[in-house]
$ cat start.txt   # compact mmCIF, C-alpha atoms (C1' of nucleotides)
# COMPACT_ATOMS: atom_id res chain seq x y z
CA MET A 23 21.33 0.41 -11.07
CA GLU A 24 20.42 3.82 -12.52
CA LYS A 25 17.01 3.35 -10.99
CA TYR A 26 18.52 3.18 -7.52
CA ILE A 27 20.93 6.06 -8.12
CA LYS A 28 17.91 8.15 -8.95
CA ILE A 29 16.21 7.20 -5.73
CA LEU A 30 19.34 8.11 -3.76
CA LYS A 31 19.56 11.50 -5.45
CA SER A 32 15.89 12.27 -5.09
CA ASN A 33 16.30 11.69 -1.36
CA GLY A 34 19.26 14.05 -1.10
CA LEU A 35 21.82 11.30 -0.58
CA LYS A 36 25.22 11.41 -2.21
CA ILE A 37 26.50 8.79 -4.59
CA THR A 38 29.61 7.21 -3.11
CA PRO A 39 31.59 4.19 -4.31
CA LYS A 40 30.59 2.23 -1.22
CA ARG A 41 26.93 2.94 -1.73
CA LYS A 42 27.14 1.88 -5.33
CA GLU A 43 28.87 -1.32 -4.31
CA ILE A 44 26.20 -2.10 -1.71
CA ILE A 45 23.49 -1.74 -4.32
CA ASN A 46 25.55 -3.78 -6.73
CA PHE A 47 25.90 -6.51 -4.15
CA PHE A 48 22.15 -6.83 -3.75
CA ILE A 49 21.53 -6.68 -7.48
CA GLU A 50 23.97 -9.52 -8.05
CA LYS A 51 23.00 -11.64 -5.06
CA ASP A 52 19.29 -11.09 -5.59
CA ARG A 53 18.44 -12.32 -2.10
CA TYR A 54 18.24 -11.25 1.52
CA ALA A 55 21.57 -10.86 3.30
CA THR A 56 22.78 -10.02 6.77
CA VAL A 57 24.73 -6.88 7.57
CA GLU A 58 27.82 -9.01 8.02
CA GLU A 59 27.46 -10.59 4.59
CA VAL A 60 27.30 -7.17 3.00
CA TRP A 61 30.33 -6.08 5.01
CA ASN A 62 32.33 -9.15 4.00
CA ASN A 63 31.62 -8.39 0.38
CA LEU A 64 32.67 -4.76 0.73
CA LYS A 65 35.91 -5.78 2.43
CA LEU A 66 36.88 -7.60 -0.75
CA LYS A 67 36.53 -4.41 -2.77
CA PHE A 68 37.69 -1.66 -0.41
CA LYS A 69 40.77 -1.44 1.78
CA LYS A 70 38.97 0.55 4.42
CA ILE A 71 35.35 -0.14 5.14
CA GLY A 72 33.82 0.08 8.57
CA LEU A 73 30.93 -1.95 9.86
CA PRO A 74 29.08 1.18 11.05
CA THR A 75 29.10 2.46 7.50
CA VAL A 76 27.29 -0.66 6.40
CA TYR A 77 24.74 -0.39 9.19
CA ARG A 78 24.12 3.26 8.46
CA ASN A 79 23.64 2.76 4.75
CA LEU A 80 21.43 -0.29 4.99
CA GLU A 81 19.18 1.56 7.37
CA LYS A 82 18.99 4.57 5.08
CA PHE A 83 18.35 2.45 2.01
CA SER A 84 15.56 0.79 3.91
CA GLU A 85 14.05 4.15 4.79
CA ILE A 86 13.96 5.35 1.20
CA GLY A 87 12.52 2.11 -0.14
CA ILE A 88 15.52 0.60 -1.91
CA LEU A 89 15.83 -2.25 0.58
CA THR A 90 13.39 -4.14 2.75
CA GLU A 91 14.33 -5.01 6.29
CA ILE A 92 13.31 -8.16 8.13
CA ARG A 93 14.10 -9.23 11.69
CA THR A 94 14.32 -12.91 12.38
CA ARG A 95 14.48 -15.36 15.23
CA ASP A 96 18.25 -15.33 15.16
CA ASN A 97 18.23 -11.69 16.18
CA LYS A 98 19.74 -10.37 13.04
CA ALA A 99 18.55 -7.84 10.55
CA TYR A 100 18.20 -9.14 7.00
CA TYR A 101 18.05 -6.78 4.04
CA GLY A 102 16.90 -7.44 0.53
CA LEU A 103 16.41 -5.46 -2.64
CA CYS A 104 12.91 -4.16 -3.00
CA ASN A 105 12.23 -5.26 -6.55
CA ALA A 106 8.64 -4.14 -6.80
CA GLU A 107 7.76 -1.75 -9.60
CA ASN A 108 7.17 1.00 -7.11
CA PRO A 109 9.21 0.22 -3.97
CA LYS A 110 6.86 2.08 -1.72
CA SER A 111 3.68 0.58 -3.10
CA HIS A 112 1.86 -2.11 -1.19
CA HIS A 113 3.32 -5.54 -1.78
CA HIS A 114 4.81 -8.54 0.00
CA HIS A 115 7.81 -10.80 -0.34
CA ILE A 116 8.53 -14.44 -0.81
CA ILE A 117 11.89 -15.62 0.43
CA CYS A 118 13.72 -18.77 -0.56
CA VAL A 119 14.66 -20.67 2.58
CA LYS A 120 17.66 -22.16 0.82
CA CYS A 121 19.41 -19.32 -1.01
CA HIS A 122 17.55 -16.35 0.55
CA LYS A 123 16.56 -15.07 -2.84
CA VAL A 124 13.61 -12.71 -2.56
CA ARG A 125 10.79 -11.83 -4.93
CA CYS A 126 8.20 -9.15 -4.51
CA ILE A 127 4.61 -10.34 -4.73
CA ASP A 128 2.71 -7.48 -6.26
CA PHE A 129 -0.77 -8.60 -5.33
CA CYS A 130 -2.48 -9.19 -2.04
CA ASN A 131 -5.94 -10.37 -1.08
CA PHE A 132 -5.86 -9.12 2.48
CA ASN A 133 -8.38 -6.35 1.89
CA GLU A 134 -11.05 -8.94 1.28
CA ILE A 135 -11.00 -10.02 4.92
CA THR A 136 -10.28 -6.64 6.49
CA GLU A 137 -13.87 -5.95 7.33
CA LYS A 138 -14.45 -9.40 8.75
CA ILE A 139 -11.39 -9.13 11.00
CA GLU A 140 -12.39 -5.68 12.18
CA LYS A 141 -15.87 -6.88 13.01
CA GLU A 142 -14.74 -9.97 14.88
CA SER A 143 -11.82 -8.45 16.74
CA GLY A 144 -13.09 -4.95 17.37
CA PHE A 145 -9.76 -3.59 16.12
CA LYS A 146 -9.35 -0.77 13.61
CA ILE A 147 -6.80 -2.20 11.18
CA LEU A 148 -3.88 0.08 10.31
CA ASN A 149 -1.60 -2.14 8.25
CA HIS A 150 -0.37 -5.66 7.72
CA PHE A 151 2.84 -7.45 6.94
CA LEU A 152 2.99 -10.77 5.14
CA GLN A 153 6.11 -12.87 4.83
CA ILE A 154 6.04 -15.93 2.64
CA LYS A 155 8.72 -18.58 2.67
CA GLY A 156 9.34 -21.13 0.01
CA ILE A 157 11.91 -22.65 -2.30
CA CYS A 158 12.80 -20.90 -5.52
CA SER A 159 12.92 -22.67 -8.86
CA ASP A 160 16.72 -22.66 -8.92
CA CYS A 161 16.97 -24.41 -5.57
CA LEU A 162 14.15 -26.81 -6.38
CA GLN A 163 16.22 -28.01 -9.30
CA LEU A 164 19.40 -28.30 -7.31
CA ASN A 165 17.54 -30.42 -4.77
CA GLU A 166 20.08 -29.69 -2.09
CA LYS A 167 19.57 -30.10 1.61
CA ASN A 168 17.16 -27.58 3.07
CA LYS A 169 18.82 -25.07 5.32
CA SER A 170 16.38 -22.58 6.85
CA PHE A 171 17.88 -19.26 7.90
CA ILE A 172 14.92 -17.01 7.71
CA MET B 3 -4.54 -21.38 33.39
CA GLU B 4 -5.24 -25.12 33.64
CA LYS B 5 -5.13 -25.19 29.88
CA TYR B 6 -1.53 -24.00 29.88
CA ILE B 7 -0.49 -26.28 32.75
CA LYS B 8 -1.69 -29.15 30.63
CA ILE B 9 0.38 -28.03 27.69
CA LEU B 10 3.45 -27.78 29.90
CA LYS B 11 2.94 -31.28 31.27
CA SER B 12 2.22 -32.81 27.91
CA ASN B 13 5.56 -31.45 26.75
CA GLY B 14 7.43 -32.94 29.68
CA LEU B 15 8.04 -29.60 31.39
CA LYS B 16 7.77 -29.20 35.14
CA ILE B 17 5.35 -26.84 36.84
CA THR B 18 7.32 -24.32 38.85
CA PRO B 19 6.12 -21.21 40.68
CA LYS B 20 8.03 -18.99 38.27
CA ARG B 21 6.51 -20.64 35.24
CA LYS B 22 3.04 -20.26 36.67
CA GLU B 23 3.68 -16.60 37.34
CA ILE B 24 4.91 -16.02 33.82
CA ILE B 25 1.73 -17.51 32.41
CA ASN B 26 -0.29 -15.53 34.90
CA PHE B 27 1.42 -12.35 33.80
CA PHE B 28 0.43 -12.88 30.19
CA ILE B 29 -3.12 -13.88 31.06
CA GLU B 30 -3.57 -10.68 33.05
CA LYS B 31 -1.76 -8.34 30.66
CA ASP B 32 -3.36 -9.82 27.56
CA ARG B 33 -0.85 -8.25 25.25
CA TYR B 34 2.66 -8.63 23.86
CA ALA B 35 5.47 -7.85 26.27
CA THR B 36 9.24 -7.70 26.17
CA VAL B 37 11.47 -10.05 28.13
CA GLU B 38 12.37 -7.18 30.42
CA GLU B 39 8.74 -6.42 31.19
CA VAL B 40 8.16 -10.01 32.19
CA TRP B 41 11.28 -9.95 34.34
CA ASN B 42 10.23 -6.75 36.07
CA ASN B 43 6.95 -8.33 36.96
CA LEU B 44 8.60 -11.46 38.34
CA LYS B 45 10.97 -9.39 40.44
CA LEU B 46 7.95 -8.03 42.29
CA LYS B 47 6.89 -11.55 43.24
CA PHE B 48 10.15 -13.42 43.80
CA LYS B 49 13.24 -12.49 45.80
CA LYS B 50 15.52 -14.30 43.45
CA ILE B 51 14.76 -14.36 39.76
CA GLY B 52 17.38 -14.29 37.06
CA LEU B 53 17.00 -12.81 33.63
CA PRO B 54 18.30 -16.00 31.95
CA THR B 55 15.43 -17.88 33.56
CA VAL B 56 12.99 -15.57 31.85
CA TYR B 57 14.69 -15.91 28.51
CA ARG B 58 14.83 -19.68 28.79
CA ASN B 59 11.18 -20.02 29.72
CA LEU B 60 9.81 -17.61 27.16
CA GLU B 61 11.70 -19.45 24.46
CA LYS B 62 10.39 -22.80 25.63
CA PHE B 63 6.83 -21.53 25.91
CA SER B 64 7.14 -20.26 22.40
CA GLU B 65 8.35 -23.66 21.20
CA ILE B 66 5.38 -25.51 22.67
CA GLY B 67 2.82 -23.04 21.40
CA ILE B 68 1.84 -21.20 24.58
CA LEU B 69 3.42 -17.95 23.47
CA THR B 70 4.02 -16.34 20.11
CA GLU B 71 7.28 -14.58 19.46
CA ILE B 72 7.73 -11.48 17.34
CA ARG B 73 10.91 -9.60 16.49
CA THR B 74 10.63 -5.92 15.82
CA ARG B 75 12.63 -3.05 14.44
CA ASP B 76 13.83 -2.10 17.91
CA ASN B 77 15.71 -5.39 18.09
CA LYS B 78 13.77 -6.86 20.91
CA ALA B 79 11.79 -10.05 21.21
CA TYR B 80 8.12 -9.58 22.06
CA TYR B 81 6.05 -12.43 23.45
CA GLY B 82 2.31 -12.76 23.67
CA LEU B 83 -0.16 -15.38 24.73
CA CYS B 84 -1.29 -17.55 21.88
CA ASN B 85 -5.03 -17.31 22.42
CA ALA B 86 -6.14 -19.36 19.45
CA GLU B 87 -8.37 -22.37 20.10
CA ASN B 88 -5.58 -24.69 19.13
CA PRO B 89 -2.29 -22.84 19.64
CA LYS B 90 -0.50 -24.85 17.02
CA SER B 91 -3.20 -24.51 14.38
CA HIS B 92 -2.77 -22.06 11.54
CA HIS B 93 -3.72 -18.54 12.51
CA HIS B 94 -2.42 -14.99 12.63
CA HIS B 95 -2.32 -12.09 15.05
CA ILE B 96 -3.51 -8.56 15.24
CA ILE B 97 -1.59 -6.29 17.58
CA CYS B 98 -2.75 -3.01 19.06
CA VAL B 99 -0.12 -0.38 18.34
CA LYS B 100 -1.13 1.51 21.46
CA CYS B 101 -1.48 -1.03 24.26
CA HIS B 102 0.15 -4.05 22.55
CA LYS B 103 -2.91 -6.18 23.16
CA VAL B 104 -2.93 -9.14 20.82
CA ARG B 105 -5.77 -11.18 19.33
CA CYS B 106 -5.55 -14.32 17.31
CA ILE B 107 -7.25 -14.20 13.94
CA ASP B 108 -8.53 -17.69 13.34
CA PHE B 109 -9.12 -17.40 9.63
CA CYS B 110 -6.88 -16.69 6.70
CA ASN B 111 -7.49 -16.34 3.00
CA PHE B 112 -3.91 -16.84 1.93
CA ASN B 113 -4.51 -20.26 0.41
CA GLU B 114 -6.66 -18.66 -2.26
CA ILE B 115 -3.66 -16.99 -3.82
CA THR B 116 -1.07 -19.68 -3.14
CA GLU B 117 -1.32 -21.17 -6.59
CA LYS B 118 -1.16 -17.80 -8.31
CA ILE B 119 1.95 -16.81 -6.38
CA GLU B 120 3.63 -20.13 -7.09
CA LYS B 121 2.92 -19.80 -10.78
CA GLU B 122 4.13 -16.22 -11.06
CA SER B 123 7.19 -16.52 -8.85
CA GLY B 124 8.28 -20.05 -9.61
CA PHE B 125 8.62 -20.66 -5.87
CA LYS B 126 7.24 -23.66 -4.01
CA ILE B 127 5.50 -22.07 -1.04
CA LEU B 128 6.29 -23.59 2.35
CA ASN B 129 4.58 -21.26 4.80
CA HIS B 130 3.58 -17.70 5.46
CA PHE B 131 3.45 -15.27 8.37
CA LEU B 132 0.99 -12.41 8.60
CA GLN B 133 1.21 -9.64 11.15
CA ILE B 134 -1.63 -7.18 11.39
CA LYS B 135 -1.43 -3.94 13.32
CA GLY B 136 -4.32 -1.86 14.45
CA ILE B 137 -5.98 -0.14 17.36
CA CYS B 138 -8.13 -2.16 19.71
CA SER B 139 -11.60 -1.10 20.78
CA ASP B 140 -10.40 -0.07 24.24
CA CYS B 141 -7.79 2.29 22.85
CA LEU B 142 -10.11 3.61 20.17
CA GLN B 143 -12.43 4.73 22.94
CA LEU B 144 -9.66 6.27 24.99
CA ASN B 145 -8.61 8.28 21.96
CA GLU B 146 -5.15 8.82 23.34
CA LYS B 147 -2.10 9.78 21.36
CA ASN B 148 -0.87 7.01 19.11
CA LYS B 149 2.43 5.54 20.26
CA SER B 150 3.73 2.79 17.98
CA PHE B 151 6.05 0.28 19.61
CA ILE B 152 5.54 -2.72 17.46
C1' DA C 11 33.18 25.65 0.45
C1' DT C 12 29.98 23.00 2.56
C1' DC C 13 27.75 19.42 4.44
C1' DA C 14 27.08 14.55 4.07
C1' DT C 15 29.79 10.43 4.54
C1' DT C 16 33.18 7.52 6.53
C1' DG C 17 36.64 5.09 9.78
C1' DC C 18 37.83 4.05 14.14
C1' DA C 19 37.24 3.19 18.80
C1' DA C 20 34.27 2.71 22.28
C1' DA C 21 30.09 1.81 24.37
C1' DG C 22 25.30 0.14 24.56
C1' DT C 23 21.83 -3.42 24.39
C1' DT C 24 19.95 -7.73 24.06
C1' DT C 25 20.68 -12.50 24.46
C1' DT C 26 23.29 -16.78 25.51
C1' DT C 27 26.32 -19.96 28.03
C1' DG C 28 28.63 -22.61 31.81
C1' DC C 29 28.34 -24.42 35.99
C1' DA C 30 27.04 -25.24 40.67
C1' DC C 31 23.05 -25.58 43.37
C1' DC C 32 18.19 -26.36 43.95
C1' DT C 33 13.55 -28.56 43.23
C1' DG C 34 9.41 -30.79 41.25
C1' DC C 35 7.87 -35.32 40.32
C1' DG D 25 16.88 -39.88 43.50
C1' DC D 26 17.19 -37.85 39.23
C1' DA D 27 16.36 -35.14 35.39
C1' DG D 28 15.08 -30.78 34.69
C1' DG D 29 15.03 -25.85 36.46
C1' DT D 30 17.38 -21.81 38.41
C1' DG D 31 20.88 -18.09 39.86
C1' DC D 32 24.93 -15.94 39.09
C1' DA D 33 28.69 -14.34 36.54
C1' DA D 34 30.56 -13.90 32.45
C1' DA D 35 30.69 -13.73 27.68
C1' DA D 36 28.77 -13.37 23.16
C1' DA D 37 26.38 -11.20 19.50
C1' DC D 38 24.49 -7.45 17.29
C1' DT D 39 24.01 -2.58 16.85
C1' DT D 40 24.76 2.34 17.86
C1' DT D 41 27.33 6.60 18.97
C1' DG D 42 30.92 10.37 19.02
C1' DC D 43 34.18 12.64 16.73
C1' DA D 44 37.74 13.79 13.63
C1' DA D 45 39.00 13.16 8.88
C1' DT D 46 37.56 12.60 4.21
C1' DG D 47 34.99 13.23 0.01
C1' DA D 48 30.90 14.44 -3.15
C1' DT D 49 28.55 18.21 -5.28
$ encode --input "start.txt" --output "structure tokens"
Amino acid sequence: MEKYIKILKSNGLKITPKRKEIINFFIEKDRYATVEEVWNNLKLKFKKIGLPTVYRNLEKFSEIGILTEIRTRDNKAYYGLCNAENPKSHHHHIICVKCHKVRCIDFCNFNEITEKIEKESGFKILNHFLQIKGICSDCLQLNEKNKSFI
Amino acid sequence: MEKYIKILKSNGLKITPKRKEIINFFIEKDRYATVEEVWNNLKLKFKKIGLPTVYRNLEKFSEIGILTEIRTRDNKAYYGLCNAENPKSHHHHIICVKCHKVRCIDFCNFNEITEKIEKESGFKILNHFLQIKGICSDCLQLNEKNKSFI
DNA sequence: ATCATTGCAAAGTTTTTGCACCTGC
DNA sequence: GCAGGTGCAAAAACTTTGCAATGAT
């Protein structure tokens, strides 16, 4: 938690109860969630909490590297805690298709084929984004029915 | 073109003038486009053409492997011709950030790190999605200002 | 005290749905 | 002829914006 507070401060953002609760939500859930899910959680803890507040904060958190944002086929934004050592360093994510839990994958072998792709396609590569889906160990054990959201 | 007609037929879809024009549009443009862009093009060729028709067809084409669908930060769906040898085979895409041209990358070295990721994360990997962005040879030569849409 | 943050209401955008009519096969 | 395709209107779903009030530092 302190880690994220520091990031907020170092980016000139104020520490508000709602912001702390949003971060808390992601720390506890430890998975990707929709804006609405975050809002529903906040409504349990605060009498007054507007949906725009949630949108605005999730977007900001995403900008400063606390959260990662993913758009999916169902036209919703999903956010998840960026649990890499250095949030802004190069890494990818694996998402559980059952519980939406997300883990950062801190290594990547894309560079090995960069040159080959550039040669074959004629493109100058700027960046890449890899999204891995799977089932986490918790859900593998539960052996429940597979519901794919992401 | 015949290639795509075949795919339509083999999936039990009828060949209509609008569908042919949609495919034609993507063959000529050779890049990702928004639903609205496709619609604007169709409006030039048909007196009556509804936006829902475009949505419905792009979605279907995506299901049968003619088009690839990408969701971006601007909350729009982008579609592009799936120009891999076998549209449904495993491959990835590189997208030009300037002109949105898209090329299929027919090789992938992800499998090499599958086991490592599974061991470290505890996840059972189901699939992965890689999106590469770059500048195509045409745009590199033009040396225009870099506008990033995707 | 100051400026970021928030709540509320409203609007904006993209996408989907229902249904009657049309059309390819 | 019949199932699938289309147009239109409407609604749904998600997200953003403006502004006044509130709150963190």
$ closest_atom_pairs --input "start.txt" --of "chain C" --to "chain A" --cutoff "10 Å" --atoms "only C-alpha atoms (C1' of nucleotides)" --output "tab-separated table"
residue	atom	partner	partner_atom	distance
C:DA14	C1'	A:Lys36	CA	7.3
C:DT15	C1'	A:Lys36	CA	8.2
C:DT16	C1'	A:Thr75	CA	6.6
C:DG17	C1'	A:Gly72	CA	5.9
C:DC18	C1'	A:Gly72	CA	7.9
C:DT24	C1'	A:Asn97	CA	9.0
C:DT25	C1'	A:Asn97	CA	8.7
$ closest_atom_pairs --input "start.txt" --of "chain B" --to "chain A" --cutoff "8 Å" --atoms "all atoms listed in the file" --output "Markdown table"
| residue | atom | partner | partner_atom | distance |
| --- | --- | --- | --- | --- |
| B:Arg73 | CA | A:Arg93 | CA | 5.8 |
| B:Thr74 | CA | A:Arg93 | CA | 6.3 |
| B:Arg75 | CA | A:Arg93 | CA | 6.9 |
| B:Asn77 | CA | A:Asn97 | CA | 7.0 |
| B:Cys98 | CA | A:Phe145 | CA | 7.6 |
| B:Arg105 | CA | A:Ser143 | CA | 7.1 |
| B:Ile107 | CA | A:Ile139 | CA | 7.2 |
| B:Asn111 | CA | A:Asn131 | CA | 7.4 |
| B:Phe112 | CA | A:Asn131 | CA | 7.4 |
| B:Ile115 | CA | A:Asn131 | CA | 7.5 |
| B:Ile119 | CA | A:Ile127 | CA | 7.2 |
| B:Ser123 | CA | A:Arg125 | CA | 7.1 |
| B:Gly124 | CA | A:Ser159 | CA | 5.4 |
| B:Phe125 | CA | A:Cys158 | CA | 4.2 |
| B:Lys126 | CA | A:Ile157 | CA | 5.1 |
| B:Ile127 | CA | A:Gly156 | CA | 4.1 |
| B:Leu128 | CA | A:Gly156 | CA | 4.6 |
| B:Asn129 | CA | A:Lys155 | CA | 5.4 |
| B:His130 | CA | A:Ile154 | CA | 4.1 |
| B:Phe131 | CA | A:Gln153 | CA | 5.0 |
| B:Leu132 | CA | A:Leu152 | CA | 4.3 |
| B:Gln133 | CA | A:Phe151 | CA | 5.0 |
| B:Ile134 | CA | A:His150 | CA | 4.2 |
| B:Lys135 | CA | A:Asn149 | CA | 5.4 |
| B:Gly136 | CA | A:Ile147 | CA | 4.1 |
| B:Ile137 | CA | A:Lys146 | CA | 5.1 |
| B:Cys138 | CA | A:Phe145 | CA | 4.2 |
| B:Ser139 | CA | A:Gly144 | CA | 5.4 |
| B:Leu142 | CA | A:Lys146 | CA | 7.9 |
$ atom_distance --input "start.txt" --atom1 "CA of Tyr77 in chain A" --atom2 "CA of Ser32 in chain A"
21.0 Å
$ interface_residues --input "start.txt" --of "chain D" --to "chain A" --cutoff "10 Å" --atoms "only C-alpha atoms (C1' of nucleotides)" --output "CSV table (one decimal) with C-alpha atoms (C1' of nucleotides), keeping the file's coordinate frame"
chain,number,residue,atom,x,y,z
D,37,DA,C1',26.4,-11.2,19.5
D,38,DC,C1',24.5,-7.4,17.3
D,39,DT,C1',24.0,-2.6,16.8
D,40,DT,C1',24.8,2.3,17.9
D,41,DT,C1',27.3,6.6,19.0
D,47,DG,C1',35.0,13.2,0.0
D,48,DA,C1',30.9,14.4,-3.2
D,49,DT,C1',28.6,18.2,-5.3
$ residues_near_point --input "start.txt" --point "(35.1, 6.1, 19.2)" --cutoff "9 Å" --atoms "only C-alpha atoms (C1' of nucleotides)" --output "number ranges by chain"
C: 18-21; D: 41-43
$ atom_distance --input "start.txt" --atom1 "C1' of DG22 in chain C" --atom2 "C1' of DA45 in chain D"
24.6 Å
$ atom_distance --input "start.txt" --atom1 "CA of Phe63 in chain B" --atom2 "C1' of DT33 in chain C"
19.9 Å
$ residues_around --input "start.txt" --residues "DC31 in chain C" --least-positions-apart "6" --cutoff "12 Å" --atoms "all atoms listed in the file" --output "list in words"
DG29, DT30, DG31 and DC32 of chain D
$ residues_near_point --input "start.txt" --point "(29.3, -13.0, 25.2)" --cutoff "9 Å" --atoms "all atoms listed in the file" --output "number ranges by chain"
C: 25-27; D: 34-37
